[in-house]
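The next block is model_35.pdb, given as PDB, C-alpha atoms.
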ATOM      1  CA  MET A   1     154.616 127.713  44.863  1.00  0.00           C
ATOM      2  CA  ARG A   2     153.089 124.505  46.120  1.00  0.00           C
ATOM      3  CA  VAL A   3     155.508 121.613  46.376  1.00  0.00           C
ATOM      4  CA  ASP A   4     154.134 118.152  45.847  1.00  0.00           C
ATOM      5  CA  THR A   5     154.632 115.726  48.693  1.00  0.00           C
ATOM      6  CA  ASP A   6     156.491 112.485  48.155  1.00  0.00           C
ATOM      7  CA  SER A   7     153.224 110.584  48.311  1.00  0.00           C
ATOM      8  CA  VAL A   8     151.743 112.731  45.530  1.00  0.00           C
ATOM      9  CA  LEU A   9     154.784 112.092  43.349  1.00  0.00           C
ATOM     10  CA  ILE A  10     154.688 108.376  44.039  1.00  0.00           C
ATOM     11  CA  GLU A  11     150.987 108.198  43.200  1.00  0.00           C
ATOM     12  CA  ARG A  12     151.690 110.120  40.012  1.00  0.00           C
ATOM     13  CA  SER A  13     154.469 107.682  39.157  1.00  0.00           C
ATOM     14  CA  ILE A  14     152.036 104.794  39.539  1.00  0.00           C
ATOM     15  CA  TYR A  15     149.302 106.325  37.407  1.00  0.00           C
ATOM     16  CA  GLY A  16     150.912 107.253  34.112  1.00  0.00           C
ATOM     17  CA  ARG A  17     154.059 109.186  35.014  1.00  0.00           C
ATOM     18  CA  PRO A  18     156.747 106.754  36.197  1.00  0.00           C
ATOM     19  CA  ASP A  19     159.351 109.493  35.766  1.00  0.00           C
ATOM     20  CA  ALA A  20     157.787 111.392  38.683  1.00  0.00           C
ATOM     21  CA  PHE A  21     159.533 108.913  40.941  1.00  0.00           C
ATOM     22  CA  THR A  22     162.916 110.387  40.056  1.00  0.00           C
ATOM     23  CA  GLU A  23     162.015 113.575  41.950  1.00  0.00           C
ATOM     24  CA  VAL A  24     161.497 111.506  45.107  1.00  0.00           C
ATOM     25  CA  VAL A  25     164.950 110.047  44.547  1.00  0.00           C
ATOM     26  CA  ARG A  26     166.515 113.488  44.091  1.00  0.00           C
ATOM     27  CA  ARG A  27     165.006 114.662  47.359  1.00  0.00           C
ATOM     28  CA  HIS A  28     166.337 111.797  49.437  1.00  0.00           C
ATOM     29  CA  GLU A  29     169.397 110.394  47.669  1.00  0.00           C
ATOM     30  CA  VAL A  30     171.949 112.035  49.974  1.00  0.00           C
ATOM     31  CA  ALA A  31     170.031 110.968  53.090  1.00  0.00           C
ATOM     32  CA  VAL A  32     169.660 107.373  51.903  1.00  0.00           C
ATOM     33  CA  HIS A  33     173.326 107.225  50.929  1.00  0.00           C
ATOM     34  CA  GLY A  34     174.171 108.503  54.420  1.00  0.00           C
ATOM     35  CA  PHE A  35     171.967 105.850  55.993  1.00  0.00           C
ATOM     36  CA  LEU A  36     173.876 103.176  54.089  1.00  0.00           C
ATOM     37  CA  ALA A  37     177.312 104.744  54.667  1.00  0.00           C
ATOM     38  CA  ARG A  38     176.860 105.076  58.420  1.00  0.00           C
ATOM     39  CA  ARG A  39     176.081 101.376  58.693  1.00  0.00           C
ATOM     40  CA  ALA A  40     178.187  99.753  56.004  1.00  0.00           C
ATOM     41  CA  GLY A  41     180.809 102.281  54.896  1.00  0.00           C
ATOM     42  CA  ARG A  42     181.041 104.608  51.965  1.00  0.00           C
ATOM     43  CA  GLN A  43     182.096 102.054  49.380  1.00  0.00           C
ATOM     44  CA  VAL A  44     179.222  99.716  50.162  1.00  0.00           C
ATOM     45  CA  ALA A  45     176.824 102.659  50.157  1.00  0.00           C
ATOM     46  CA  ASP A  46     178.055 103.623  46.702  1.00  0.00           C
ATOM     47  CA  ASP A  47     177.460 100.069  45.508  1.00  0.00           C
ATOM     48  CA  LEU A  48     174.007  99.581  47.056  1.00  0.00           C
ATOM     49  CA  LEU A  49     172.336 102.920  46.372  1.00  0.00           C
ATOM     50  CA  ALA A  50     171.020 101.953  42.936  1.00  0.00           C
ATOM     51  CA  GLU A  51     169.622  98.720  44.360  1.00  0.00           C
ATOM     52  CA  VAL A  52     167.579 100.740  46.856  1.00  0.00           C
ATOM     53  CA  TRP A  53     166.104 102.857  44.052  1.00  0.00           C
ATOM     54  CA  LEU A  54     165.244  99.816  41.941  1.00  0.00           C
ATOM     55  CA  ARG A  55     163.514  98.084  44.837  1.00  0.00           C
ATOM     56  CA  ALA A  56     161.673 101.245  45.823  1.00  0.00           C
ATOM     57  CA  PHE A  57     160.523 101.849  42.261  1.00  0.00           C
ATOM     58  CA  ALA A  58     159.390  98.244  41.853  1.00  0.00           C
ATOM     59  CA  GLY A  59     157.595  98.313  45.202  1.00  0.00           C
ATOM     60  CA  ARG A  60     155.999 101.748  45.056  1.00  0.00           C
ATOM     61  CA  GLY A  61     152.592 100.240  44.415  1.00  0.00           C
ATOM     62  CA  GLY A  62     152.562  99.316  48.087  1.00  0.00           C
ATOM     63  CA  TYR A  63     153.388 102.804  49.342  1.00  0.00           C
ATOM     64  CA  ASP A  64     150.908 104.185  51.849  1.00  0.00           C
ATOM     65  CA  PRO A  65     149.633 107.421  50.260  1.00  0.00           C
ATOM     66  CA  GLY A  66     148.731 108.694  53.713  1.00  0.00           C
ATOM     67  CA  ARG A  67     152.425 109.214  54.472  1.00  0.00           C
ATOM     68  CA  PRO A  68     153.638 112.417  52.821  1.00  0.00           C
ATOM     69  CA  ASP A  69     157.348 111.877  53.615  1.00  0.00           C
ATOM     70  CA  ALA A  70     158.903 108.856  51.894  1.00  0.00           C
ATOM     71  CA  ARG A  71     162.085 108.824  53.972  1.00  0.00           C
ATOM     72  CA  PRO A  72     161.019 106.189  56.527  1.00  0.00           C
ATOM     73  CA  TRP A  73     159.796 103.953  53.703  1.00  0.00           C
ATOM     74  CA  LEU A  74     163.076 104.395  51.815  1.00  0.00           C
ATOM     75  CA  TYR A  75     165.131 103.717  54.957  1.00  0.00           C
ATOM     76  CA  GLY A  76     163.146 100.521  55.470  1.00  0.00           C
ATOM     77  CA  ILE A  77     164.035  99.421  51.941  1.00  0.00           C
ATOM     78  CA  ALA A  78     167.677 100.429  52.447  1.00  0.00           C
ATOM     79  CA  ARG A  79     167.735  98.419  55.673  1.00  0.00           C
ATOM     80  CA  ASN A  80     166.503  95.335  53.824  1.00  0.00           C
ATOM     81  CA  VAL A  81     169.092  95.844  51.084  1.00  0.00           C
ATOM     82  CA  LEU A  82     171.808  96.071  53.743  1.00  0.00           C
ATOM     83  CA  ARG A  83     170.642  92.905  55.454  1.00  0.00           C
ATOM     84  CA  LEU A  84     170.728  91.033  52.160  1.00  0.00           C
ATOM     85  CA  HIS A  85     174.206  92.430  51.520  1.00  0.00           C
ATOM     86  CA  TRP A  86     175.485  91.283  54.912  1.00  0.00           C
ATOM     87  CA  ARG A  87     173.881  87.884  54.470  1.00  0.00           C
ATOM     88  CA  LYS A  88     175.533  87.482  51.081  1.00  0.00           C
ATOM     89  CA  ASP A  89     178.860  88.507  52.588  1.00  0.00           C
ATOM     90  CA  ARG A  90     178.530  85.785  55.182  1.00  0.00           C
ATOM     91  CA  ASP A  91     177.500  83.232  52.568  1.00  0.00           C
ATOM     92  CA  ASP A  92     180.480  84.182  50.447  1.00  0.00           C
ATOM     93  CA  ALA A  93     182.719  83.670  53.463  1.00  0.00           C
ATOM     94  CA  HIS A  94     181.167  80.212  53.964  1.00  0.00           C
ATOM     95  CA  HIS A  95     179.881  81.197  57.362  1.00  0.00           C
ATOM     96  CA  ALA A  96     176.582  79.875  58.632  1.00  0.00           C
ATOM     97  CA  VAL A  97     173.688  82.264  58.149  1.00  0.00           C
ATOM     98  CA  THR A  98     172.198  83.284  61.444  1.00  0.00           C
ATOM     99  CA  ASP A  99     170.065  86.177  62.515  1.00  0.00           C
ATOM    100  CA  SER A 100     172.489  86.945  65.317  1.00  0.00           C
ATOM    101  CA  HIS A 101     175.019  88.709  63.106  1.00  0.00           C
ATOM    102  CA  ASP A 102     175.613  92.167  64.495  1.00  0.00           C
ATOM    103  CA  PRO A 103     177.146  94.662  62.067  1.00  0.00           C
ATOM    104  CA  TRP A 104     177.827  97.112  64.895  1.00  0.00           C
ATOM    105  CA  ASP A 105     181.379  95.780  65.266  1.00  0.00           C
ATOM    106  CA  ASP A 106     182.025  96.892  61.690  1.00  0.00           C
ATOM    107  CA  VAL A 107     180.492 100.286  62.416  1.00  0.00           C
ATOM    108  CA  VAL A 108     182.782 100.828  65.402  1.00  0.00           C
ATOM    109  CA  ASP A 109     185.796  99.989  63.284  1.00  0.00           C
ATOM    110  CA  ARG A 110     184.893 102.722  60.829  1.00  0.00           C
ATOM    111  CA  LEU A 111     184.121 105.494  63.283  1.00  0.00           C
ATOM    112  CA  ASP A 112     186.511 108.176  64.287  1.00  0.00           C
ATOM    113  CA  SER A 113     189.225 106.949  66.624  1.00  0.00           C
ATOM    114  CA  THR A 114     188.732 109.849  69.019  1.00  0.00           C
ATOM    115  CA  ALA A 115     185.110 108.986  69.472  1.00  0.00           C
ATOM    116  CA  ARG A 116     185.971 105.334  69.754  1.00  0.00           C
ATOM    117  CA  ALA A 117     188.268 106.121  72.685  1.00  0.00           C
ATOM    118  CA  GLY A 118     185.329 107.360  74.669  1.00  0.00           C
ATOM    119  CA  ALA A 119     182.895 105.264  76.585  1.00  0.00           C
ATOM    120  CA  LEU A 120     179.963 106.001  74.317  1.00  0.00           C
ATOM    121  CA  LEU A 121     180.542 103.488  71.564  1.00  0.00           C
ATOM    122  CA  PRO A 122     181.090 100.522  73.866  1.00  0.00           C
ATOM    123  CA  ALA A 123     177.874 101.512  75.618  1.00  0.00           C
ATOM    124  CA  VAL A 124     176.009 101.645  72.314  1.00  0.00           C
ATOM    125  CA  ARG A 125     177.542  98.337  71.340  1.00  0.00           C
ATOM    126  CA  ALA A 126     176.229  96.815  74.570  1.00  0.00           C
ATOM    127  CA  LEU A 127     172.634  97.783  73.788  1.00  0.00           C
ATOM    128  CA  PRO A 128     170.259  95.103  72.544  1.00  0.00           C
ATOM    129  CA  PRO A 129     170.184  95.399  68.717  1.00  0.00           C
ATOM    130  CA  ASP A 130     166.492  96.251  68.580  1.00  0.00           C
ATOM    131  CA  GLU A 131     166.990  99.161  71.001  1.00  0.00           C
ATOM    132  CA  ARG A 132     170.087 100.296  69.129  1.00  0.00           C
ATOM    133  CA  ASP A 133     168.195 100.296  65.825  1.00  0.00           C
ATOM    134  CA  VAL A 134     165.620 102.757  67.160  1.00  0.00           C
ATOM    135  CA  LEU A 135     168.235 104.894  68.893  1.00  0.00           C
ATOM    136  CA  LEU A 136     170.340 105.281  65.760  1.00  0.00           C
ATOM    137  CA  LEU A 137     167.358 106.038  63.544  1.00  0.00           C
ATOM    138  CA  VAL A 138     166.507 108.908  65.890  1.00  0.00           C
ATOM    139  CA  ALA A 139     170.075 110.106  66.536  1.00  0.00           C
ATOM    140  CA  TRP A 140     171.582 109.556  63.109  1.00  0.00           C
ATOM    141  CA  GLU A 141     168.671 109.932  60.708  1.00  0.00           C
ATOM    142  CA  GLN A 142     166.803 112.507  62.817  1.00  0.00           C
ATOM    143  CA  LEU A 143     163.587 110.515  62.649  1.00  0.00           C
ATOM    144  CA  THR A 144     160.814 110.696  65.197  1.00  0.00           C
ATOM    145  CA  PRO A 145     160.113 107.533  67.171  1.00  0.00           C
ATOM    146  CA  ALA A 146     156.947 107.138  65.076  1.00  0.00           C
ATOM    147  CA  GLU A 147     158.973 107.289  61.873  1.00  0.00           C
ATOM    148  CA  ALA A 148     161.548 104.873  63.298  1.00  0.00           C
ATOM    149  CA  ALA A 149     158.685 102.496  64.028  1.00  0.00           C
ATOM    150  CA  GLU A 150     157.653 102.710  60.383  1.00  0.00           C
ATOM    151  CA  VAL A 151     161.184 101.876  59.219  1.00  0.00           C
ATOM    152  CA  LEU A 152     161.359  98.855  61.498  1.00  0.00           C
ATOM    153  CA  GLY A 153     157.777  97.704  60.997  1.00  0.00           C
ATOM    154  CA  ILE A 154     156.977  97.807  64.713  1.00  0.00           C
ATOM    155  CA  PRO A 155     154.256  99.579  66.724  1.00  0.00           C
ATOM    156  CA  GLN A 156     154.996 103.179  67.682  1.00  0.00           C
ATOM    157  CA  GLY A 157     154.698 102.370  71.369  1.00  0.00           C
ATOM    158  CA  THR A 158     157.320  99.680  71.028  1.00  0.00           C
ATOM    159  CA  ALA A 159     159.688 102.106  69.332  1.00  0.00           C
ATOM    160  CA  ARG A 160     159.179 104.661  72.095  1.00  0.00           C
ATOM    161  CA  SER A 161     159.839 102.051  74.776  1.00  0.00           C
ATOM    162  CA  ARG A 162     163.010 100.866  73.076  1.00  0.00           C
ATOM    163  CA  LEU A 163     164.246 104.423  72.662  1.00  0.00           C
ATOM    164  CA  HIS A 164     163.523 105.196  76.299  1.00  0.00           C
ATOM    165  CA  ARG A 165     165.444 102.120  77.459  1.00  0.00           C
ATOM    166  CA  ALA A 166     168.384 102.864  75.168  1.00  0.00           C
ATOM    167  CA  ARG A 167     168.637 106.450  76.346  1.00  0.00           C
ATOM    168  CA  ALA A 168     168.369 105.383  79.963  1.00  0.00           C
ATOM    169  CA  ALA A 169     171.229 102.941  79.419  1.00  0.00           C
ATOM    170  CA  LEU A 170     173.406 105.610  77.815  1.00  0.00           C
ATOM    171  CA  ARG A 171     172.621 108.400  80.254  1.00  0.00           C
ATOM    172  CA  PRO A 172     175.345 107.554  82.808  1.00  0.00           C
ATOM    173  CA  VAL A 173     177.943 107.426  80.042  1.00  0.00           C
ATOM    174  CA  LEU A 174     176.766 110.692  78.511  1.00  0.00           C
ATOM    175  CA  ALA A 175     176.702 112.343  81.939  1.00  0.00           C
ATOM    176  CA  ARG A 176     180.404 111.604  82.291  1.00  0.00           C
ATOM    177  CA  THR A 177     181.066 113.282  78.939  1.00  0.00           C
ATOM    178  CA  GLY A 178     178.897 116.271  79.820  1.00  0.00           C
ATOM    179  CA  HIS A 179     176.273 115.531  77.169  1.00  0.00           C
ATOM    180  CA  ALA A 180     173.455 114.144  79.268  1.00  0.00           C
ATOM    181  CA  GLU A 181     170.176 115.946  79.802  1.00  0.00           C
ATOM    182  CA  GLU A 182     166.928 114.897  81.308  1.00  0.00           C
ATOM    183  CA  ASP A 183     164.893 112.510  79.169  1.00  0.00           C
ATOM    184  CA  THR A 184     161.926 114.179  77.494  1.00  0.00           C
TER     185      THR A 184
ATOM    186  CA  MET B   1     158.319 116.532  64.446  1.00  0.00           C
ATOM    187  CA  THR B   2     156.772 117.631  67.714  1.00  0.00           C
ATOM    188  CA  PRO B   3     158.947 119.160  70.440  1.00  0.00           C
ATOM    189  CA  ALA B   4     158.452 116.044  72.548  1.00  0.00           C
ATOM    190  CA  GLU B   5     159.737 113.874  69.713  1.00  0.00           C
ATOM    191  CA  HIS B   6     162.669 116.035  68.675  1.00  0.00           C
ATOM    192  CA  PRO B   7     165.990 114.301  69.282  1.00  0.00           C
ATOM    193  CA  ALA B   8     167.243 115.522  72.634  1.00  0.00           C
ATOM    194  CA  PRO B   9     170.592 117.258  73.122  1.00  0.00           C
ATOM    195  CA  ASP B  10     171.877 114.239  75.014  1.00  0.00           C
ATOM    196  CA  LEU B  11     172.000 112.438  71.668  1.00  0.00           C
ATOM    197  CA  ASP B  12     174.070 115.149  70.028  1.00  0.00           C
ATOM    198  CA  LEU B  13     177.344 113.339  70.620  1.00  0.00           C
ATOM    199  CA  LEU B  14     175.979 110.173  69.079  1.00  0.00           C
ATOM    200  CA  ALA B  15     174.643 112.169  66.143  1.00  0.00           C
ATOM    201  CA  ALA B  16     178.026 113.834  65.695  1.00  0.00           C
ATOM    202  CA  ILE B  17     179.927 110.571  65.394  1.00  0.00           C
ATOM    203  CA  GLY B  18     177.414 109.415  62.805  1.00  0.00           C
ATOM    204  CA  GLN B  19     178.312 112.243  60.442  1.00  0.00           C
ATOM    205  CA  VAL B  20     179.476 111.095  57.016  1.00  0.00           C
ATOM    206  CA  ASP B  21     180.696 113.009  54.014  1.00  0.00           C
ATOM    207  CA  PRO B  22     178.174 113.532  51.218  1.00  0.00           C
ATOM    208  CA  PRO B  23     178.491 111.125  48.308  1.00  0.00           C
ATOM    209  CA  ASP B  24     180.320 112.023  45.139  1.00  0.00           C
ATOM    210  CA  PRO B  25     177.912 113.464  42.553  1.00  0.00           C
ATOM    211  CA  GLY B  26     178.998 110.741  40.144  1.00  0.00           C
ATOM    212  CA  VAL B  27     177.712 108.086  42.534  1.00  0.00           C
ATOM    213  CA  LEU B  28     174.312 109.737  42.701  1.00  0.00           C
ATOM    214  CA  ASP B  29     174.228 110.154  38.933  1.00  0.00           C
ATOM    215  CA  ALA B  30     175.099 106.503  38.347  1.00  0.00           C
ATOM    216  CA  ALA B  31     172.378 105.308  40.723  1.00  0.00           C
ATOM    217  CA  ARG B  32     169.838 107.586  39.034  1.00  0.00           C
ATOM    218  CA  GLU B  33     170.892 106.260  35.635  1.00  0.00           C
ATOM    219  CA  THR B  34     170.124 102.748  36.812  1.00  0.00           C
ATOM    220  CA  LEU B  35     166.723 103.882  38.012  1.00  0.00           C
ATOM    221  CA  TRP B  36     166.084 105.665  34.733  1.00  0.00           C
ATOM    222  CA  SER B  37     166.522 102.379  32.882  1.00  0.00           C
ATOM    223  CA  ALA B  38     163.710 100.882  34.938  1.00  0.00           C
ATOM    224  CA  VAL B  39     161.570 103.996  34.471  1.00  0.00           C
ATOM    225  CA  ALA B  40     162.084 103.940  30.707  1.00  0.00           C
ATOM    226  CA  GLU B  41     161.292 100.247  30.557  1.00  0.00           C
ATOM    227  CA  GLU B  42     158.020 100.838  32.349  1.00  0.00           C
ATOM    228  CA  MET B  43     157.148 103.822  30.155  1.00  0.00           C
ATOM    229  CA  LEU B  44     157.587 101.628  27.119  1.00  0.00           C
ATOM    230  CA  GLY B  45     155.918  98.576  28.577  1.00  0.00           C
ATOM    231  CA  GLY B  46     152.964  99.987  30.480  1.00  0.00           C
ATOM    232  CA  THR B  47     152.341 101.484  33.880  1.00  0.00           C
ATOM    233  CA  VAL B  48     152.005  99.792  37.224  1.00  0.00           C
ATOM    234  CA  ALA B  49     148.371 100.891  37.258  1.00  0.00           C
ATOM    235  CA  GLU B  50     147.772  99.183  33.911  1.00  0.00           C
ATOM    236  CA  ALA B  51     149.552  96.095  35.154  1.00  0.00           C
ATOM    237  CA  ARG B  52     147.322  96.161  38.215  1.00  0.00           C
ATOM    238  CA  THR B  53     144.255  96.384  35.984  1.00  0.00           C
ATOM    239  CA  ARG B  54     145.479  93.620  33.718  1.00  0.00           C
ATOM    240  CA  GLY B  55     146.166  91.460  36.756  1.00  0.00           C
ATOM    241  CA  THR B  56     142.721  92.163  38.167  1.00  0.00           C
ATOM    242  CA  ASP B  57     141.048  91.357  34.836  1.00  0.00           C
ATOM    243  CA  ARG B  58     143.023  88.152  34.547  1.00  0.00           C
ATOM    244  CA  ASP B  59     142.209  87.173  38.128  1.00  0.00           C
ATOM    245  CA  GLN B  60     138.510  87.784  37.507  1.00  0.00           C
ATOM    246  CA  ALA B  61     138.594  85.774  34.286  1.00  0.00           C
ATOM    247  CA  GLU B  62     140.320  82.887  36.034  1.00  0.00           C
ATOM    248  CA  HIS B  63     137.826  83.085  38.896  1.00  0.00           C
ATOM    249  CA  HIS B  64     134.946  83.094  36.412  1.00  0.00           C
ATOM    250  CA  HIS B  65     136.427  80.106  34.622  1.00  0.00           C
ATOM    251  CA  ARG B  66     136.686  78.171  37.886  1.00  0.00           C
ATOM    252  CA  GLU B  67     133.132  79.054  38.830  1.00  0.00           C
ATOM    253  CA  HIS B  68     131.729  78.367  35.377  1.00  0.00           C
ATOM    254  CA  PRO B  69     133.961  75.837  33.629  1.00  0.00           C
ATOM    255  CA  GLY B  70     133.243  75.380  29.979  1.00  0.00           C
ATOM    256  CA  PRO B  71     132.482  72.018  28.331  1.00  0.00           C
TER     257      PRO B  71
END
Would you put the structure from the file into structure tokens?
Amino acid sequence: MRVDTDSVLIERSIYGRPDAFTEVVRRHEVAVHGFLARRAGRQVADDLLAEVWLRAFAGRGGYDPGRPDARPWLYGIARNVLRLHWRKDRDDAHHAVTDSHDPWDDVVDRLDSTARAGALLPAVRALPPDERDVLLLVAWEQLTPAEAAEVLGIPQGTARSRLHRARAALRPVLARTGHAEEDT
Amino acid sequence: MTPAEHPAPDLDLLAAIGQVDPPDPGVLDAARETLWSAVAEEMLGGTVAEARTRGTDRDQAEHHHREHPGP
């Protein structure tokens, strides 16, 4: 049986069948919740998931029908929702809003203490945020560099360069833990 | 994903520490319910495609009015 791609369902939802969009949500709801939970914790993910669906549904008219898999698009929306959430948190705390806020410190606090004891997380923390973003989209969300580029709205070559630099920076640490292999 | 783009084993450790438990089904249901409200509203109020058409018609009418203002 032929399974419709996400782009087919989204197009269908635009032209007369808005309910077709719910199938896209069913396909990716666990992955999008995971994306949110890895970066902001389970409770925040629970709270923000519906906001991602509402924004995606409202913005589906701008979806590129040439992209059969909606995951990178949905992660991009989830990323924006998270940024707004963090900004609101800072506003609520009466802190100045700057673009330099780095949520990675919060991520480290939530991760397993055994992993935290290793050298990996400090090394990831030390990466420039734009390199870390690409690295985690590939390592955590299992995206290709091209898909990570789509999430971040950057050229594919830029994503590949950032990933290469991030992996090069982590390689000595991973070698000490016995996880390093040659870069591909 | 091509073999060259597949996440390499050296990222396995990083991937492992990014594992999270799946969400409670109730959380997914609640989020879908919220979406359904928006879907139902659109089904009752017209589709995005119709809204696009209406917007285009209105834009053309406004353009025509600017180009050919009445007395």
Using only the atoms of range 19-25 of chain B listed in the file, plus 3 Å on each side, state the axis-aligned box centre and edge lengths in Å rounded to one decimal, as AutoDock Vina command-line options.
--center_x 179.3 --center_y 112.3 --center_z 51.5 --size_x 8.8 --size_y 8.4 --size_z 23.9
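One distance worth recording is that between CA of Leu174 in chain A and CA of Leu120 in chain A, which is 7.1 Å.
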Quiz item: Do you know which residues are at most 12 Å from range 51-57 of chain A counting only C-alpha atoms, after dropping those on the same chain fewer than 3 positions away, and could you put them as JSON, numbers by chain?
Solution: {"A": [9, 10, 11, 13, 14, 18, 19, 20, 21, 22, 23, 24, 25, 26, 28, 29, 32, 33, 35, 36, 44, 45, 46, 47, 48, 60, 61, 62, 63, 70, 71, 72, 73, 74, 75, 76, 77, 78, 79, 80, 81, 82, 84, 85], "B": [28, 30, 31, 32, 33, 34, 35, 36, 37, 38, 39, 40, 41, 42, 47, 48]}
May I have the residues from that selection written out with C-alpha atoms, as an mmCIF file, in the frame of the given file?
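Ended up saving to out-v3.cif:
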data_model
loop_
_atom_site.group_PDB
_atom_site.id
_atom_site.type_symbol
_atom_site.label_atom_id
_atom_site.label_comp_id
_atom_site.auth_asym_id
_atom_site.auth_seq_id
_atom_site.Cartn_x
_atom_site.Cartn_y
_atom_site.Cartn_z
ATOM 1 C CA LEU A 9 154.784 112.092 43.349
ATOM 2 C CA ILE A 10 154.688 108.376 44.039
ATOM 3 C CA GLU A 11 150.987 108.198 43.200
ATOM 4 C CA SER A 13 154.469 107.682 39.157
ATOM 5 C CA ILE A 14 152.036 104.794 39.539
ATOM 6 C CA PRO A 18 156.747 106.754 36.197
ATOM 7 C CA ASP A 19 159.351 109.493 35.766
ATOM 8 C CA ALA A 20 157.787 111.392 38.683
ATOM 9 C CA PHE A 21 159.533 108.913 40.941
ATOM 10 C CA THR A 22 162.916 110.387 40.056
ATOM 11 C CA GLU A 23 162.015 113.575 41.950
ATOM 12 C CA VAL A 24 161.497 111.506 45.107
ATOM 13 C CA VAL A 25 164.950 110.047 44.547
ATOM 14 C CA ARG A 26 166.515 113.488 44.091
ATOM 15 C CA HIS A 28 166.337 111.797 49.437
ATOM 16 C CA GLU A 29 169.397 110.394 47.669
ATOM 17 C CA VAL A 32 169.660 107.373 51.903
ATOM 18 C CA HIS A 33 173.326 107.225 50.929
ATOM 19 C CA PHE A 35 171.967 105.850 55.993
ATOM 20 C CA LEU A 36 173.876 103.176 54.089
ATOM 21 C CA VAL A 44 179.222 99.716 50.162
ATOM 22 C CA ALA A 45 176.824 102.659 50.157
ATOM 23 C CA ASP A 46 178.055 103.623 46.702
ATOM 24 C CA ASP A 47 177.460 100.069 45.508
ATOM 25 C CA LEU A 48 174.007 99.581 47.056
ATOM 26 C CA ARG A 60 155.999 101.748 45.056
ATOM 27 C CA GLY A 61 152.592 100.240 44.415
ATOM 28 C CA GLY A 62 152.562 99.316 48.087
ATOM 29 C CA TYR A 63 153.388 102.804 49.342
ATOM 30 C CA ALA A 70 158.903 108.856 51.894
ATOM 31 C CA ARG A 71 162.085 108.824 53.972
ATOM 32 C CA PRO A 72 161.019 106.189 56.527
ATOM 33 C CA TRP A 73 159.796 103.953 53.703
ATOM 34 C CA LEU A 74 163.076 104.395 51.815
ATOM 35 C CA TYR A 75 165.131 103.717 54.957
ATOM 36 C CA GLY A 76 163.146 100.521 55.470
ATOM 37 C CA ILE A 77 164.035 99.421 51.941
ATOM 38 C CA ALA A 78 167.677 100.429 52.447
ATOM 39 C CA ARG A 79 167.735 98.419 55.673
ATOM 40 C CA ASN A 80 166.503 95.335 53.824
ATOM 41 C CA VAL A 81 169.092 95.844 51.084
ATOM 42 C CA LEU A 82 171.808 96.071 53.743
ATOM 43 C CA LEU A 84 170.728 91.033 52.160
ATOM 44 C CA HIS A 85 174.206 92.430 51.520
ATOM 45 C CA LEU B 28 174.312 109.737 42.701
ATOM 46 C CA ALA B 30 175.099 106.503 38.347
ATOM 47 C CA ALA B 31 172.378 105.308 40.723
ATOM 48 C CA ARG B 32 169.838 107.586 39.034
ATOM 49 C CA GLU B 33 170.892 106.260 35.635
ATOM 50 C CA THR B 34 170.124 102.748 36.812
ATOM 51 C CA LEU B 35 166.723 103.882 38.012
ATOM 52 C CA TRP B 36 166.084 105.665 34.733
ATOM 53 C CA SER B 37 166.522 102.379 32.882
ATOM 54 C CA ALA B 38 163.710 100.882 34.938
ATOM 55 C CA VAL B 39 161.570 103.996 34.471
ATOM 56 C CA ALA B 40 162.084 103.940 30.707
ATOM 57 C CA GLU B 41 161.292 100.247 30.557
ATOM 58 C CA GLU B 42 158.020 100.838 32.349
ATOM 59 C CA THR B 47 152.341 101.484 33.880
ATOM 60 C CA VAL B 48 152.005 99.792 37.224
#
Quiz item: Counting all atoms listed in the file, which of A:Arg125, A:Arg2, A:Arg167, A:Arg162 gets nearest to chain B?
Solution: A:Arg167
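Between CA of Arg171 in chain A and CA of Leu11 in chain B the separation is 9.5 Å.
Nearest to Pro22 in chain B of all the residues A:Val8, A:Ala123, A:Ala37, A:Ile154 is A:Ala37, based on only C-alpha atoms.
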Quiz item: What is the CA of Leu136 in chain A-CA of Val3 in chain A distance in Å, reported with one decimal?
Solution: 29.4 Å
